[in-house]
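Asks: Handing over start29.txt, compact mmCIF, C-alpha atoms.
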```txt
# COMPACT_ATOMS: atom_id res chain seq x y z
CA MET K 1 0.00 0.00 0.00
CA ILE K 2 1.34 3.44 -0.95
CA SER K 3 1.66 5.81 2.01
CA ARG K 4 -0.46 8.96 1.92
CA TRP K 5 1.08 11.92 3.73
CA LEU K 6 -0.34 15.34 4.44
CA CYS K 7 2.43 17.93 4.85
CA GLU K 8 1.56 21.26 6.44
CA GLU K 9 3.91 24.10 5.60
CA ARG K 10 4.37 27.82 5.17
CA ARG K 11 5.55 29.54 2.02
CA ARG K 12 6.31 33.01 0.79
CA ASN K 13 3.76 34.74 -1.36
CA GLY K 14 3.79 33.42 -4.89
CA ALA K 15 6.55 30.91 -4.14
CA THR K 16 6.67 27.20 -4.77
CA PRO K 17 6.31 24.94 -1.71
CA GLY K 18 9.01 25.76 0.80
CA PHE K 19 8.68 22.91 3.26
CA PHE K 20 10.06 20.07 1.13
CA GLY K 21 11.02 21.70 -2.15
CA GLU K 22 13.29 19.28 -4.02
CA LEU K 23 12.86 16.81 -1.18
CA ALA K 24 9.10 16.66 -1.82
CA GLN K 25 9.76 15.76 -5.45
CA ALA K 26 12.14 13.00 -4.39
CA ILE K 27 9.69 11.59 -1.82
CA ALA K 28 6.83 11.59 -4.33
CA GLY K 29 9.15 9.97 -6.87
CA LYS K 30 9.58 7.01 -4.50
CA GLY K 31 5.88 6.19 -4.52
CA VAL K 32 4.51 8.31 -1.67
CA ASP K 33 1.17 10.02 -2.30
CA LEU K 34 2.21 13.44 -0.99
CA THR K 35 -0.18 16.36 -0.47
CA LEU K 36 1.09 19.77 0.65
CA LEU K 37 -1.30 21.96 2.60
CA SER K 38 0.47 25.28 2.19
CA GLN K 39 -0.16 28.47 4.13
CA ALA K 40 0.34 31.81 2.42
CA ALA K 41 -0.92 35.38 2.62
CA ASP K 42 -1.76 35.62 -1.08
CA ALA K 43 -3.97 32.56 -1.52
CA GLY K 44 -7.49 33.79 -0.82
CA PRO K 45 -9.83 32.58 1.91
CA SER K 46 -10.41 29.00 0.70
CA PRO K 47 -8.08 26.09 -0.07
CA GLU K 48 -7.52 25.80 -3.79
CA PRO K 49 -5.73 22.95 -5.57
CA ARG K 50 -2.54 24.25 -7.14
CA PRO K 51 -0.52 21.44 -8.71
CA ILE K 52 3.17 22.38 -8.66
CA ASP K 53 5.64 20.13 -10.47
CA GLY K 54 3.33 17.16 -10.13
CA LEU K 55 2.71 17.59 -6.40
CA ASN K 56 -0.74 17.86 -4.85
CA VAL K 57 -0.69 21.38 -3.38
CA HIS K 58 -3.62 23.02 -1.61
CA VAL K 59 -3.24 26.55 -0.28
CA PHE K 60 -5.09 28.40 2.45
CA SER K 61 -4.64 32.01 3.44
CA ARG K 62 -2.91 33.42 6.51
CA GLU K 63 -3.90 36.95 5.55
CA GLY K 64 -5.05 39.04 8.51
CA ARG K 65 -4.12 36.38 11.05
CA ASN K 66 -0.49 37.27 11.79
CA PRO K 67 -0.52 38.57 15.40
CA TRP K 68 2.94 40.10 15.14
CA LEU K 69 1.61 42.65 12.65
CA LEU K 70 -1.14 43.83 15.02
CA PRO K 71 -0.44 47.04 16.97
CA PHE K 72 -1.50 45.60 20.35
CA ASP K 73 0.33 44.86 23.56
CA ARG K 74 1.97 41.52 24.35
CA ILE K 75 -1.07 39.94 26.02
CA ILE K 76 -3.30 40.67 23.04
CA LYS K 77 -0.62 39.30 20.73
CA LEU K 78 -0.40 36.07 22.69
CA TRP K 79 -4.19 35.68 22.59
CA ALA K 80 -4.28 36.52 18.87
CA GLY K 81 -1.49 33.97 18.33
CA TYR K 82 -3.52 31.27 20.05
CA ARG K 83 -6.63 32.18 18.06
CA LYS K 84 -4.63 32.12 14.81
CA ALA K 85 -3.12 28.71 15.62
CA ALA K 86 -6.57 27.40 16.58
CA THR K 87 -8.02 28.69 13.31
CA ASP K 88 -5.22 27.08 11.32
CA ALA K 89 -5.72 23.86 13.28
CA ALA K 90 -9.39 23.85 12.30
CA VAL K 91 -8.42 24.21 8.62
CA ILE K 92 -5.92 21.35 8.88
CA ARG K 93 -8.36 19.12 10.74
CA ARG K 94 -11.15 19.82 8.24
CA PHE K 95 -8.82 19.21 5.29
CA ALA K 96 -7.67 15.89 6.76
CA ARG K 97 -11.28 14.87 7.33
CA GLN K 98 -12.43 15.84 3.83
CA HIS K 99 -9.42 14.53 1.88
CA GLY K 100 -8.33 11.61 4.05
CA PRO K 101 -7.54 9.01 5.00
CA PHE K 102 -3.90 10.06 5.45
CA ASP K 103 -1.38 7.74 7.01
CA ALA K 104 0.57 10.60 8.63
CA VAL K 105 0.74 14.37 8.91
CA VAL K 106 4.19 15.96 8.68
CA ALA K 107 4.81 19.49 9.99
CA GLN K 108 7.63 21.82 10.90
CA CYS K 109 8.20 22.41 14.59
CA GLU K 110 8.45 26.18 14.07
CA GLU K 111 5.45 28.04 15.34
CA PRO K 112 2.71 28.27 14.22
CA ASP K 113 3.03 25.22 11.95
CA GLY K 114 3.74 22.57 14.55
CA LEU K 115 1.40 24.17 17.08
CA SER K 116 -1.47 24.18 14.60
CA CYS K 117 -1.01 20.50 13.81
CA ALA K 118 -0.61 19.64 17.50
CA LEU K 119 -3.89 21.39 18.27
CA ALA K 120 -5.55 19.63 15.32
CA SER K 121 -4.33 16.28 16.65
CA LEU K 122 -6.39 16.76 19.84
CA ALA K 123 -9.45 15.74 17.84
CA GLY K 124 -10.07 12.01 17.51
CA GLY K 125 -9.23 10.24 14.29
CA PHE K 126 -6.35 12.57 13.34
CA PRO K 127 -3.43 10.78 11.61
CA PRO K 128 -0.15 10.39 13.52
CA LEU K 129 1.82 13.65 13.66
CA VAL K 130 5.48 13.65 12.59
CA THR K 131 7.34 16.84 13.46
CA GLN K 132 10.36 18.02 11.53
CA VAL K 133 12.91 20.00 13.58
CA HIS K 134 15.11 22.29 11.50
CA ASP K 135 15.74 24.87 14.19
CA LEU K 136 15.06 25.53 17.86
CA ARG K 137 14.42 28.71 19.78
CA TYR K 138 17.11 30.12 22.08
CA GLN K 139 18.53 33.29 23.56
CA PHE K 140 22.09 34.21 24.44
CA ARG K 141 22.73 35.05 28.08
CA PRO K 142 25.99 35.82 29.94
CA GLU K 143 25.89 32.35 31.47
CA GLY K 144 25.34 30.67 28.08
CA VAL K 145 22.59 29.67 25.67
CA ARG K 146 19.05 29.46 27.04
CA PHE K 147 16.45 27.53 25.06
CA VAL K 148 13.06 29.29 24.99
CA ARG K 149 9.44 28.61 24.03
CA LYS K 150 9.74 25.27 25.77
CA SER K 151 6.06 25.16 26.72
CA SER K 152 4.69 25.59 23.19
CA LEU K 153 7.33 23.51 21.40
CA GLY K 154 7.20 20.94 24.19
CA PHE K 155 3.45 20.67 23.60
CA VAL K 156 4.11 20.01 19.90
CA PHE K 157 6.68 17.34 20.69
CA ARG K 158 4.40 15.60 23.21
CA LYS K 159 1.58 15.42 20.66
CA SER K 160 3.93 14.10 17.95
CA ALA K 161 4.24 10.39 17.31
CA ARG K 162 7.75 11.03 15.93
CA VAL K 163 10.15 13.99 16.21
CA VAL K 164 12.70 14.13 13.39
CA ALA K 165 15.99 16.00 13.91
CA ASN K 166 18.37 17.28 11.24
CA SER K 167 21.55 16.32 13.15
CA ASP K 168 22.94 14.42 16.13
CA GLN K 169 23.32 17.76 17.90
CA THR K 170 19.65 18.62 17.46
CA ALA K 171 18.65 15.16 18.68
CA THR K 172 20.73 15.71 21.82
CA TRP K 173 19.04 19.04 22.51
CA LEU K 174 15.60 17.51 21.99
CA GLN K 175 16.35 15.00 24.73
CA ARG K 176 18.18 17.31 27.12
CA GLU K 177 16.22 20.55 26.76
CA TYR K 178 12.72 19.36 25.83
CA GLY K 179 12.56 15.92 27.41
CA VAL K 180 11.74 14.07 24.18
CA PRO K 181 12.36 10.33 24.73
CA GLU K 182 15.22 8.90 22.68
CA ASN K 183 13.00 6.22 21.14
CA LYS K 184 10.69 8.95 19.80
CA ILE K 185 13.46 10.81 17.95
CA GLY K 186 14.42 10.10 14.35
CA GLN K 187 16.96 11.78 12.11
CA CYS K 188 17.02 12.81 8.45
CA ARG K 189 19.91 14.29 6.53
CA ILE K 190 19.98 17.71 4.90
CA HIS K 191 20.59 17.59 1.14
CA LEU K 192 22.60 19.82 -1.15
CA THR K 193 20.25 21.71 -3.45
CA ALA K 194 20.21 21.53 -7.23
CA PRO K 195 20.87 25.29 -7.68
CA PHE K 196 24.05 25.00 -5.59
CA LEU K 197 25.21 21.86 -7.41
CA ASN K 198 24.51 23.43 -10.81
CA LEU K 199 26.51 26.53 -9.90
CA ALA K 200 29.32 24.57 -8.27
CA ALA K 201 29.79 21.94 -10.99
CA PRO K 202 31.60 24.13 -13.58
CA ARG K 203 33.91 25.39 -10.84
CA SER K 204 34.80 21.96 -9.51
CA ALA K 205 36.50 20.43 -12.54
CA ASN K 206 40.01 21.59 -11.57
CA LEU K 207 40.42 22.01 -7.83
CA GLU K 208 43.09 24.56 -7.03
CA PRO K 209 44.83 24.68 -3.63
CA GLY K 210 43.40 28.12 -2.92
CA SER K 211 45.10 31.45 -2.29
CA PRO K 212 46.29 32.66 1.15
CA ARG K 213 42.79 33.62 2.23
CA ILE K 214 40.84 32.46 5.29
CA LEU K 215 37.10 32.77 4.82
CA PHE K 216 34.46 33.35 7.47
CA LEU K 217 31.10 32.28 6.05
CA GLY K 218 27.91 33.40 7.79
CA ALA K 219 25.81 36.35 8.86
CA LEU K 220 27.55 38.95 11.00
CA ASN K 221 25.68 38.38 14.24
CA TYR K 222 26.42 37.01 17.69
CA LYS K 223 25.19 33.52 16.86
CA LYS K 224 27.62 33.08 13.93
CA ALA K 225 30.54 34.45 16.01
CA PRO K 226 32.47 36.68 13.58
CA ASP K 227 34.02 38.28 16.69
CA ILE K 228 35.65 34.95 17.57
CA PHE K 229 36.94 34.65 14.01
CA LEU K 230 38.50 38.13 14.08
CA SER K 231 40.01 37.51 17.52
CA ALA K 232 41.62 34.36 16.10
CA ALA K 233 42.84 36.41 13.14
CA ILE K 234 44.71 38.74 15.49
CA LEU K 235 46.50 35.75 17.02
CA LEU K 236 47.38 34.44 13.56
CA SER K 237 48.47 37.74 12.04
CA ARG K 238 52.19 37.37 12.81
CA GLU K 239 52.36 33.66 11.97
CA LEU K 240 50.57 34.11 8.65
CA PRO K 241 52.06 37.23 7.07
CA GLY K 242 50.42 38.13 3.79
CA TRP K 243 47.23 36.19 4.50
CA THR K 244 43.84 37.86 4.14
CA PHE K 245 40.88 37.36 6.48
CA VAL K 246 37.60 37.54 4.55
CA LEU K 247 34.06 37.86 5.91
CA VAL K 248 31.15 36.94 3.63
CA GLY K 249 27.65 37.46 4.99
CA PRO K 250 25.13 40.20 5.72
CA GLU K 251 25.27 42.26 8.90
CA THR K 252 22.09 41.11 10.65
CA SER K 253 22.81 41.93 14.29
CA GLU K 254 20.40 44.43 15.82
CA ASN K 255 22.70 44.94 18.80
CA PRO K 256 24.69 48.18 18.30
CA PHE K 257 27.16 47.19 21.03
CA PHE K 258 27.99 43.93 19.24
CA ARG K 259 28.42 45.73 15.91
CA ALA K 260 30.69 48.31 17.52
CA ALA K 261 32.75 45.60 19.27
CA LEU K 262 33.10 43.68 16.02
CA HIS K 263 34.47 46.65 14.12
CA LYS K 264 36.75 47.53 17.03
CA ILE K 265 38.34 44.07 16.89
CA ALA K 266 38.73 44.38 13.11
CA SER K 267 40.49 47.74 13.51
CA ALA K 268 43.40 46.20 15.45
CA LYS K 269 46.67 47.32 13.83
CA THR K 270 47.85 43.81 13.00
CA ILE K 271 44.81 42.98 10.84
CA ALA K 272 43.15 46.30 9.96
CA ASP K 273 44.50 46.30 6.39
CA ARG K 274 44.09 42.54 5.96
CA VAL K 275 40.34 42.18 6.59
CA GLU K 276 37.88 42.15 3.69
CA TRP K 277 34.20 42.81 4.43
CA LEU K 278 32.31 41.52 1.40
CA GLY K 279 28.79 41.51 2.83
CA ARG K 280 25.96 39.56 1.22
CA LEU K 281 26.90 37.99 -2.11
CA GLU K 282 25.06 36.14 -4.83
CA PRO K 283 25.34 32.31 -4.58
CA SER K 284 27.76 32.12 -7.50
CA ALA K 285 30.02 34.73 -5.88
CA VAL K 286 29.93 32.82 -2.57
CA ILE K 287 31.08 29.69 -4.39
CA ASP K 288 33.92 31.68 -5.94
CA GLN K 289 34.98 32.94 -2.50
CA ILE K 290 34.95 29.41 -1.07
CA ARG K 291 37.15 28.18 -3.92
CA ARG K 292 39.56 31.10 -3.54
CA ALA K 293 40.03 30.41 0.18
CA ARG K 294 42.49 27.96 1.72
CA VAL K 295 40.31 27.37 4.81
CA VAL K 296 36.62 28.07 5.51
CA VAL K 297 35.58 28.92 9.07
CA CYS K 298 32.04 28.56 10.51
CA PRO K 299 32.52 29.16 14.28
CA SER K 300 28.84 29.45 15.31
CA ARG K 301 28.10 29.57 19.00
CA ILE K 302 25.13 27.31 18.31
CA GLU K 303 23.64 25.85 15.12
CA THR K 304 21.28 22.92 14.60
CA PHE K 305 22.98 22.35 11.27
CA SER K 306 25.09 24.54 8.92
CA ARG K 307 24.43 24.37 5.22
CA THR K 308 27.44 26.59 4.49
CA THR K 309 29.67 23.96 6.12
CA ILE K 310 28.57 21.14 3.83
CA GLU K 311 28.68 23.41 0.78
CA ALA K 312 32.32 24.26 1.55
CA LEU K 313 33.09 20.55 2.05
CA ALA K 314 31.38 19.79 -1.26
CA LEU K 315 33.73 22.29 -2.91
CA GLY K 316 36.76 20.54 -1.45
CA ARG K 317 37.73 23.06 1.20
CA PRO K 318 38.67 22.16 4.79
CA VAL K 319 36.22 23.62 7.28
CA VAL K 320 36.68 24.57 10.92
CA VAL K 321 33.41 24.40 12.88
CA THR K 322 32.35 24.29 16.51
CA GLU K 323 31.16 21.35 18.59
CA THR K 324 27.74 22.98 18.89
CA THR K 325 27.15 22.86 15.12
CA GLY K 326 25.04 20.03 13.72
CA ALA K 327 27.12 19.72 10.55
CA ALA K 328 30.24 18.97 12.66
CA HIS K 329 29.41 15.29 12.09
CA TRP K 330 30.18 15.68 8.39
CA VAL K 331 33.46 17.47 9.09
CA LYS K 332 34.51 14.56 11.31
CA SER K 333 33.35 11.85 8.92
CA THR K 334 35.23 13.32 5.94
CA GLY K 335 38.32 14.24 7.94
CA ALA K 336 38.39 17.48 5.95
CA GLY K 337 38.44 19.96 8.79
CA SER K 338 38.48 20.43 12.54
CA VAL K 339 35.88 20.69 15.28
CA VAL K 340 36.64 23.13 18.12
CA PRO K 341 34.82 24.36 21.23
CA PRO K 342 32.57 27.41 20.78
CA ASN K 343 33.70 30.82 22.09
CA ASP K 344 37.35 29.72 22.03
CA PHE K 345 39.32 31.91 19.63
CA ARG K 346 42.63 30.34 20.68
CA ALA K 347 41.44 26.84 19.74
CA LEU K 348 40.02 28.28 16.52
CA ALA K 349 43.37 29.91 15.70
CA ARG K 350 45.23 26.63 16.32
CA ALA K 351 42.90 24.74 13.99
CA ILE K 352 43.19 27.35 11.25
CA ARG K 353 46.99 27.36 11.59
CA ASP K 354 47.01 23.58 11.26
CA TRP K 355 45.05 23.57 8.00
CA THR K 356 47.00 26.45 6.45
CA SER K 357 50.19 24.44 6.95
CA ARG K 358 48.93 21.23 5.31
CA GLU K 359 49.89 20.50 1.73
CA ASN K 360 47.37 17.69 1.31
CA VAL K 361 43.71 17.99 2.30
CA PRO K 362 41.50 14.86 2.43
CA GLY K 363 38.99 14.85 -0.41
CA SER K 364 35.48 15.56 0.82
CA SER K 365 33.59 16.45 -2.38
CA ALA K 366 32.76 12.92 -3.51
CA MET K 367 31.44 11.76 -0.15
CA ILE K 368 29.38 14.89 0.53
CA THR K 369 27.81 15.09 -2.92
CA SER K 370 26.98 11.38 -2.91
CA GLU K 371 25.61 11.19 0.63
CA LEU K 372 23.71 14.49 0.88
CA THR K 373 21.30 14.09 -2.02
CA ALA K 374 17.56 14.70 -2.15
CA SER K 375 17.07 11.02 -3.01
CA LYS K 376 18.87 9.81 0.13
CA ALA K 377 17.13 12.40 2.28
CA ALA K 378 13.82 11.12 0.87
CA GLU K 379 14.80 7.59 1.90
CA ASP K 380 15.45 8.87 5.42
CA TRP K 381 12.03 10.48 5.54
CA ILE K 382 10.22 7.44 4.22
CA ARG K 383 11.98 5.33 6.87
CA GLU K 384 10.97 7.69 9.68
CA VAL K 385 7.34 8.05 8.63
CA ARG K 386 6.93 4.31 8.09
CA THR K 387 8.47 3.74 11.52
CA THR K 388 5.68 5.96 12.84
CA ILE K 389 2.96 4.17 10.91
CA HIS K 390 4.29 0.66 11.58
CA PRO K 391 6.28 0.86 14.85
```
Represent the supplied structure as structure tokens.

Replies:
Amino acid sequence: MISRWLCEERRRNGATPGFFGELAQAIAGKGVDLTLLSQAADAGPSPEPRPIDGLNVHVFSREGRNPWLLPFDRIIKLWAGYRKAATDAAVIRRFARQHGPFDAVVAQCEEPDGLSCALASLAGGFPPLVTQVHDLRYQFRPEGVRFVRKSSLGFVFRKSARVVANSDQTATWLQREYGVPENKIGQCRIHLTAPFLNLAAPRSANLEPGSPRILFLGALNYKKAPDIFLSAAILLSRELPGWTFVLVGPETSENPFFRAALHKIASAKTIADRVEWLGRLEPSAVIDQIRRARVVVCPSRIETFSRTTIEALALGRPVVVTETTGAAHWVKSTGAGSVVPPNDFRALARAIRDWTSRENVPGSSAMITSELTASKAAEDWIREVRTTIHP
């Protein structure tokens, strides 16, 4: 019997389905009868069938139900948020009743998606809920990272028959921070996208060793830790004369003190004329920067995964990441990089120094591009959902 899944997701106005994308095509291609129930602000008041690339896509509107756009105080926003989630849950429940039977409902854990499905599951006869965890909610405090929204996300996880993480690190947090039992947690890989592979392929025919450039890849905010990268650069400045320290990523921090501190570190005499701030670049330009660099650095303080890490590995560059990054597993398994503690610029500097001194770097491209495909990610998902349906 072919599995029938209902996948609830959000999407940007006028966009193709954002929840699965290429992955949805791969899952459907393996015999799953997949229906996307997609929320958008431009869809009108009623669900309408919108076939996209052969997928069954029904859209319902979120217009006028986003509490964060309402000019009310926090209490009203929280109440409006509950009402919105309850309304969405009613749509999902009605759709499942009218178009069922579905073997499973798959949803993102991010609010309001997971919350809507969890509320819908309170009604009898609702298919098993499988929750996909791409990211978790947290705040940075002086004493460390504090996970937040535990009550609402915890409610989603309790109502889920299966909680699917995108990395070992995420699975660990689900157990430790949210109390999800280990036997309830599954894991599915993240795949490299076709646009990236299409852009990268012409540039991968002849792999050059790279110029004396060390590349930080990520947004310029506290989470991505560009301050740790620049502090490591100061330590390395005398040992690596002539090397350039490059930052690629938009400045997204809203904290003026962090921005000021970042530029103060970069203005140190030993590196002031050796730092390049390139900002946000087009994907093709990012690929060019990765290939020009000798080492790529992604020193996030916390990250459930890190797509930039696996893209750099796919392009044959060694990557230095932190232990609290989900993609660290792939750095370890390829041997093409180092894993260091977060917030430790000295350890980061040592790892960078090590990789700049190596003449031979283990090849990572073949393993990454063969293992992180949409087809293999689809196999992971089919395994997890069938485990839910037939435990």

Asks: Which residue out of K:Leu192, K:Ile2, K:Val105, K:Ala349 has the minimum interatomic distance to Ala232 of chain K when all atoms listed in the file are used?

Replies: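 Answer, going by the shortest atom-to-atom distance: K:Ala349.
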
Asks: So how many Å separate atom CA of Cys7 of chain K and atom CA of Val106 of chain K, to one decimal?

Replies: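 Computed distance, atom CA of Cys7 of chain K to atom CA of Val106 of chain K, equals 4.7 Å.
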
Asks: Hey, can you check how far atom CA of Leu315 of chain K sits from atom CA of Ser365 of chain K?

Replies: 5.9 Å

Asks: Asn343 of chain K: which residues within 12 Å, counting only C-alpha atoms, same-chain residues fewer than 2 positions away excluded, as a list in words?

Replies: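 With the cut-off at 12 Å, the set is Gly144, Val145, Tyr222, Lys223, Lys224, Ala225, Pro226, Asp227, Ile228, Phe229, Leu230, Ser231, Ala232, Cys298, Pro299, Ser300, Arg301, Ile302, Val321, Thr322, Glu323, Thr324, Val340, Pro341, Phe345, Arg346, Ala347, Leu348 and Ala349 of chain K.
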
Asks: What gap, in Å, lies between atom CA of Trp277 of chain K and atom CA of Thr252 of chain K?

Replies: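 It comes out at 13.7 Å.
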
Asks: Closest to Ala201 of chain K among K:Leu235, K:Ala314, K:Leu115, K:Leu34, using all atoms listed in the file?

Replies: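 Looking at the shortest contact to Ala201 of chain K, the residue is K:Ala314.
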
Asks: Of the candidates K:Asn221, K:Ser160, K:Thr193, K:Asn360, which one gets nearest to Ala26 of chain K if we count only C-alpha atoms?

Replies: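 The closest residue to Ala26 of chain K is K:Thr193.
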
Asks: Considering all atoms listed in the file, can you say which of K:Val32, K:Ile382, K:Val296, K:Val164 comes closest to Pro181 of chain K?

Replies: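 Once distances to Pro181 of chain K are computed over all atoms listed in the file, the minimum belongs to K:Val164.
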
Asks: Excluding Thr387 of chain K and any residue of its chain fewer than 3 positions from it, enumerate the residues within 12 Å of it, using only C-alpha atoms, and give them as an MDAnalysis selection string.

Replies: chainID K and resid 3 103:104 128 130 161:164 183:187 380:384 390:391

Asks: Restricting the calculation to all atoms listed in the file, which member of K:Val286, K:Leu55, K:Leu236, K:Leu23 is positioned closest to Arg350 of chain K?

Replies: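 For Arg350 of chain K, the nearest of the given residues is K:Leu236.
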
Asks: Which residues, written as a ChimeraX atom specification, have at least one atom at most 9 Å from Ile271 of chain K, with only C-alpha atoms counted and residues fewer than 4 positions away on the same chain left out?

Replies: /K:230,233-234,237,244-245,265-267,275

Asks: May I ask which of the residues K:Gly242, K:Pro342, K:Pro256, K:Pro212 is the closest one to Val295 of chain K, counting all atoms listed in the file?

Replies: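 Among K:Gly242, K:Pro342, K:Pro256, K:Pro212, it is K:Pro212 that comes nearest to Val295 of chain K.
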
Asks: Neighbouring residues of segment 305-313 of chain K were defined as those with any atom within 10 Å, considering only C-alpha atoms; residues of the same chain fewer than 2 positions away were excluded. Please report them as number ranges by chain.

Replies: K: 134-135, 165-170, 189-193, 196-197, 200, 217-218, 286-287, 289-291, 293, 295-298, 300, 302-303, 315-321, 324-331, 334, 336-337, 363-369, 372

Asks: Near segment 119-123 of chain K, counting all atoms listed in the file, which residues have an atom at most 12 Å away, once you skip same-chain residues fewer than 3 positions from it, shown as a PyMOL selection string?

Replies: chain K and resi 8+82-97+104-107+111-116+126-130+152-153+155-161

Asks: May I have the centre and edge lengths, in Å to one decimal, of an axis-aligned box around the listed atoms of segment 355-369 of chain K with 3 Å added to every side, as JSON?

Replies:
```
{"center_x": 39.0, "center_y": 19.1, "center_z": 2.2, "size_x": 28.4, "size_y": 20.7, "size_z": 17.5}
```
